[in-house]
Structure formats: C-alpha cells, structure tokens
Amino acid sequence: MLVHLPQPLTLFHTLSHSFTLYLSIVNAATLLKAAREDEYDFVTTALPHTLEGREDVLTLDSKWWRTSIVGVCPEIPSHWDLTLERLPKQVQWGLHMNVPAIVLPAPPSPPALFLEYARLLQSLCLEASTSGTQLWVKVVLSDLALHQFDVLCRLCDTPACLGMILWAEPLAFGQTSASSASAASSNATAAGATVAAQMTVLHKAIGAQLKALCFPTKVFLTNKRGYPTLAKINQVLFTEALRRVGRTLRVVVEGPSVHEIPDGAGAGGTYCLPYLQYIHHIRQRPECLAALDSDVAQAEAAYLDSLQRPLQPLADHLENQMYETFERDPIKYVQYREACLRAMDAILLARQQSADANNMTDGTEHHNHHNHHPIVVVVAGAGRGPLVTAALEALEAILHRVVQQGDATTSSLPRIIVHAIEKNPSAVVYLHAMVAGDPLWKKHTIHVLHQDIRLVTQQQLTQPNTVLLTNKADIVISELLGSFGCNELSPECLQVLLSSDVCKSTTLSIPMKYTSYLAPVSSLRLFSEARHQSQLPAVISMGGGGSNGSSCTTSTISGQSVGPLAAMETPVRTI
C-alpha cells in the first residue's frame with residue numbers, strides 16, 4: 001500500500017553492515033524507532049528556526065542525537081533571503097544537539113546571493129569546526145554544480161568540516177521520471193552516451209569532500225516483480241562510488257515511496273524498506289565486496305583518504321597494531337619468501353659447485369658441506385618476525401624438495417641460522433615469544449638481538465654460539481619502511497650494515513634494489529584536512545635525541561641537529 005508522507009522521505013545507507021534513514025520531519029523519535037526496526041542507522045530531522053518546543057527532545061536521549069540523527073536545513077524555494085535568515089539558527093541548534101552532520105541547501109545561482117551564502121557558510125564552518133559536526137552541502141551531479149561547490153569551498157577557506165552530499169537528480173542520470181524497465185531500455189543509447197561524462201563528474205566529486213550519495217525515489221525503475229531497481233548507468237556510478245570512497249560513504253534514497261509493493265508487508269515500518277534492500281543487493285556484488293570487505297580493504301579502512309603523521313620507525317618505536325597492519329599485506333611477504341628461496345638455491349648451488357671443483361683439484365671428496373656451513377640469514381629490522389617466517393618457509397620448501405628427490409640424509413640437509421635484529425624493545429619481547437612458542441621457529445636456530453642494525457658487530461651476532469665466529473651473513477633481509485617513498489633511510493642504514501664485519505663481499509641483500517616514485521595528487525579533501533591540521537596548536541620537543549642514543553639539548557642556532565633531524569642521522573661506526 002502506497003503511503004504519502006507529509007514531508008519528503010530520504011533513506012541513508014552506510015557502507016558498514018547497517019543502514020540509515022533520513023526523513024525531514026520535526027519529530028524524529030517515531031521515525032527512529034521504525035528505522036531501527038528496518039535496520040537503518042540514521043534518521044534526519046528538519047532543524048528548528050523558532051523557539052517553539054519539540055516533543056522529540058523529551059523522548060530521545062542525547063546519545064541518539066549525537067549518533068543517529070542528521071539535521072536538515074530545508075531550502076525555501078524563491079525565498080533565499082528567508083533561507084539565509086534561518087540557517088544560523090538551525091545550524092546553531094544542530095550544534096547544540098551535537099548531531100554528526102547537517103545537510104545544507106545547494107548554493108543559489110545569482111552572484112550576490114552566492115557570495116552572501118558563502119560568507120554565512122564560512123562563519124558556520126568556524127562554529128562547526130570546534131564541535132565535530134560536519135556540514136554537507138547539497139550538490140547535483142553536474143559540472144556546474146561541482147564548480148560552484150569548488151568556488152564555495154575556496155571562499156570559505158576550504159574548511160575540513162565542509163563536505164558534499166551528491167544529489168543524483170533524474171536529468172543528471174538521463175532519466176525523467178520513475179518508469180518501467182522496458183521504458184528504460186529505450187533510453188539505453190542516450191544513457192550510454194552520457195555514462196562517460198557522468199563518470200568524469202563522479203571522479204571530480206570523489207576528490208572533493210564527497211560524504212554521501214543520494215538517489216531520489218523517482219530515479220528508481222520498476223522490475224517485473226514490482227520492486228524498485230536502478231538503471232544500468234545508475235548502477236555503474238553507484239558501484240564506482242562505493243569502490244572509490246569505501247565504507248565512509250553514506251548512500252541516500254530520498255523521497256516518499258513511488259513503488260506499490262505487491263505483498264504490502266515487504267515495505268517495512270518506513271515504507272521504504274525495498275529501496276534499502278536493493279542498495280544492499282548492489283553492495284553485495286563481488287566488485288564491491290572485493291573493494292570493501294577484503295582483508296586489504298579492511299586493513300586500509302582506517303587510513304584511506306586521510307592525512308597521517310609520518311611514521312619514523314628509526315626514531316620512534318612502532319606500536320603493535322602498526323606491525324599488525326603491515327603484516328596484512330597479502331603480496332609482499334609472498335614475494336619475500338620467493339626471493340629467499342631463490343637466494344638460498346643460489347647459495348647452495350654455489351657451494352656445491354665449489355665442493356665439486358675442490359674434489360677435482362685434490363681428489364678428495366668433501367661431504368656434508370651443508371651441515372658444516374649453515375645458511376646464515378640476518379633480518380635487519382625484524383619487527384614481529386614476518387621476514388624471519390618468510391626465510392624459514394623458504395628453507396622448508398627446499399627441505400621438502402630435497403626429501404622428494406630421495407637423496408636426503410640427516411647430514412646432507414641444509415641448515416639455517418637466523419639473526420633477528422630489532423631495536424624496538426617491545427617488539428623484541430614478541431620475537432622472544434615467537435622463538436619459544438611458534439612451531440616453525442622452534443625447529444630452527446634463531447637468535448634475537450636487541451640492537452640498532454647500524455651498530456651490530458660480528459661479535460654480537462656470534463655471542464650466543466662462539467663456534468660460529470667464522471660464519472658471516474649469507475643473506476641480509478630488510479623492509480625498512482617509512483611514510484615517504486616507503487623508505488626511512490633504508491640505503492643509508494643498510495650500507496652501514498653491509499659494509500661491516502657482519503657481512504662479506506658475497507652477501508646477498510633482499511631487496512637488492514628498489515625505486516621510489518613521487519606523483520602529484522589533487523584532492524580537495526586532503527587539502528582541506530592539511531589546512532585544518534596546520535592551524536591546530538602543536539607541541540614540538542626540541543630535546544630528546546635520535547635512535548643513536550645521543551642527547552640533543554642544544555638548539556639549531558648552534559649548528560647541531562635537534563629533534564627529528566637528530567633521529568635521522570646515521571652514526572659513524574667507530575670499530
């Protein structure tokens with residue numbers, strides 16, 4: 001049964017596992033109850049501009065206002081002077097209730113009203129920046145509207161709290177009204193001609209503070225069963241937005257239901273449940289699941305499209321969670337294991353060729369060369385040990401291959417000694433736990449050394465077993481990671497290690513070389529965030545010292561490095 005609500009109805013769908021309902025009515029309590037039953041997250045309510053009382057302020061606790069209600073400042077058509085007069089009062093009340101976001105009307109076209117709107121919006125953003133509330137400006141999917149939003153952001157000095165809710169109007173999608181699927185097929189040619197242009201506009205919006213994507217109910221078609229569906233062009237744009245923006249995007253279905261559900265009961269308490277179900281259906285497509293729910297996507301969720309303080313593992317000790325995030329890389333450690341396997345094969349082959357040459361020279365057979373000369377691996381910067389595991393798995397693959405060949409004896413099997421070097425004392429605790437408890441690690445000889453790799457000596461490595469004094473490193477494995485170019489003084493630090501008495505001239509380094517690339521990126525979202533962070537007060541420590549343990553208490557006026565500069569310096573080996 002089709003129900004006409006007194007005000008436009010809008011549905012929000014968040015990209016986690018729950019959804020959001022948006023309804024521009026005054027009393028949000030009743031709507032929130034129905035929305036929760038239909039598994040929505042948020043409802044919206046028109047913000048007041050008078051001192052008249054509201055019933056929902058008595059029935060809803062503050063936790064619901066700050067977590068489940070989005071405010072709306074409706075536009076008054078043909079009366080922009082009245083709209084601008086009401087906006088400050090409405091936003092002020094929304095900030096008072098600590099709502100997570102407020103939807104603002106699209107900017108007016110006349111230049112005078114546009115400038116007045118920008119001036120007012122700038123002052124509102126200053127107020128919102130201290131409360132954590134986001135301001136979402138309504139923007140239609142068109143080049144002109146995106147240009148207006150860009151100008152608006154510049155006039156407001158690109159505040160980080162200002163974003164857009166992209167409104168997909170019917171004309172923007174090449175549609176005129178809700179129609180049947182057969183009618184939509186007749187417009188397939190026209191829709192196909194505009195999809196490239198629409199995709200270009202969408203790409204611009206994604207880099208310009210896109211917070212939510214809105215589909216009015218009138219752009220939904222009707223399938224053979226009478227349920228709502230989207231045209232192909234809509235589905236393509238929707239899927240691309242989900243893949244690019246990720247879980248932070250809110251997806252909106254706005255307006256009263258225009259579909260009469262055959263069984264009636266399937267409409268839900270909000271009468272718009274079928275729209276939510278269809279959005280959820282698209283969300284479950286393989287391309288969306290791969291982009292949003294894969295292990296890589298979940299690991300990146302907290303860092304996607306956000307500015308972070310640069311990591312400096314050389315100067316700072318990384319947290320356990322950061323190590324865990326690095327270890328979720330599904331490709332890197334597979335490649336490290338393959339590189340270790342090839343390096344070990346090359347070493348064993350060279351030793352075999354050397355033994356064969358000696359046999360031909362003196363006529364004496366040299367047996368058990370693997371047993372007498374284990375493969376010595378130095379892991380420079382072991383962290384929690386993923387590179388140690390990669391090296392051990394590579395050796396296990398070699399052992400398995402030798403056994404399968406049928407010529408394996410206990411004395412002929414290659415052995416390995418791994419020196420795991422790590423300067424982070426908390427990570428060293430984890431490494432010792434791995435040595436004692438991991439089944440793979442317990443099968444092999446592993447020494448954990450708490451030391452800066454630039455200060456390691458051969459005596460330190462062989463101290464646990466003085467018999468191995470003559471065995472220098474055959475392989476050095478490292479992944480010295482930072483935030484710029486995925487490198488934190490990696491060549492400088494490794495050069496100190498590789499030129500020390502720990503290594504020999506034939507020591508293999510994994511990696512042997514790499515290339516860092518720098519590419520320019522244009523993003524209004526990141527620019528706004530950078531401006532916001534640059535205006536925040538900061539406390540800078542001018543003392544402290546670098547990882548070399550030296551104290552840097554003098555200022556830069558004296559010519560000595562302090563703070564981060566000292567941490568980046570590579571000490572000169574004095575042995």
# chains A, B, ... in the order shown; residues from 1 in each chain; ligands from 1
$ residues_around --residues "Phe215 (chain A)" --least-positions-apart "6" --cutoff "7 Å" --atoms "only C-alpha atoms" --output "VMD selection string"
chain A and resid 167 to 168 252 to 254
$ select_by_dssp --residues "region 198-305 of chain A" --states "helix (DSSP H, G or I)" --output "ChimeraX atom specification"
/A:198-206,217-219,232-248,265-267,273-283,286-292,295-300
$ atom_distance --atom1 "CA of Lys63 (chain A)" --atom2 "CA of Pro48 (chain A)"
19.3 Å
$ residues_around --residues "Thr30 (chain A)" --least-positions-apart "5" --cutoff "10 Å" --atoms "only C-alpha atoms" --output "JSON, numbers by chain"
{"A": [35, 56, 59, 60]}
$ closest_residue --among "A:His317, A:Gln463, A:Gly268, A:Trp64" --to "Glu39 (chain A)" --atoms "only C-alpha atoms"
A:Gly268
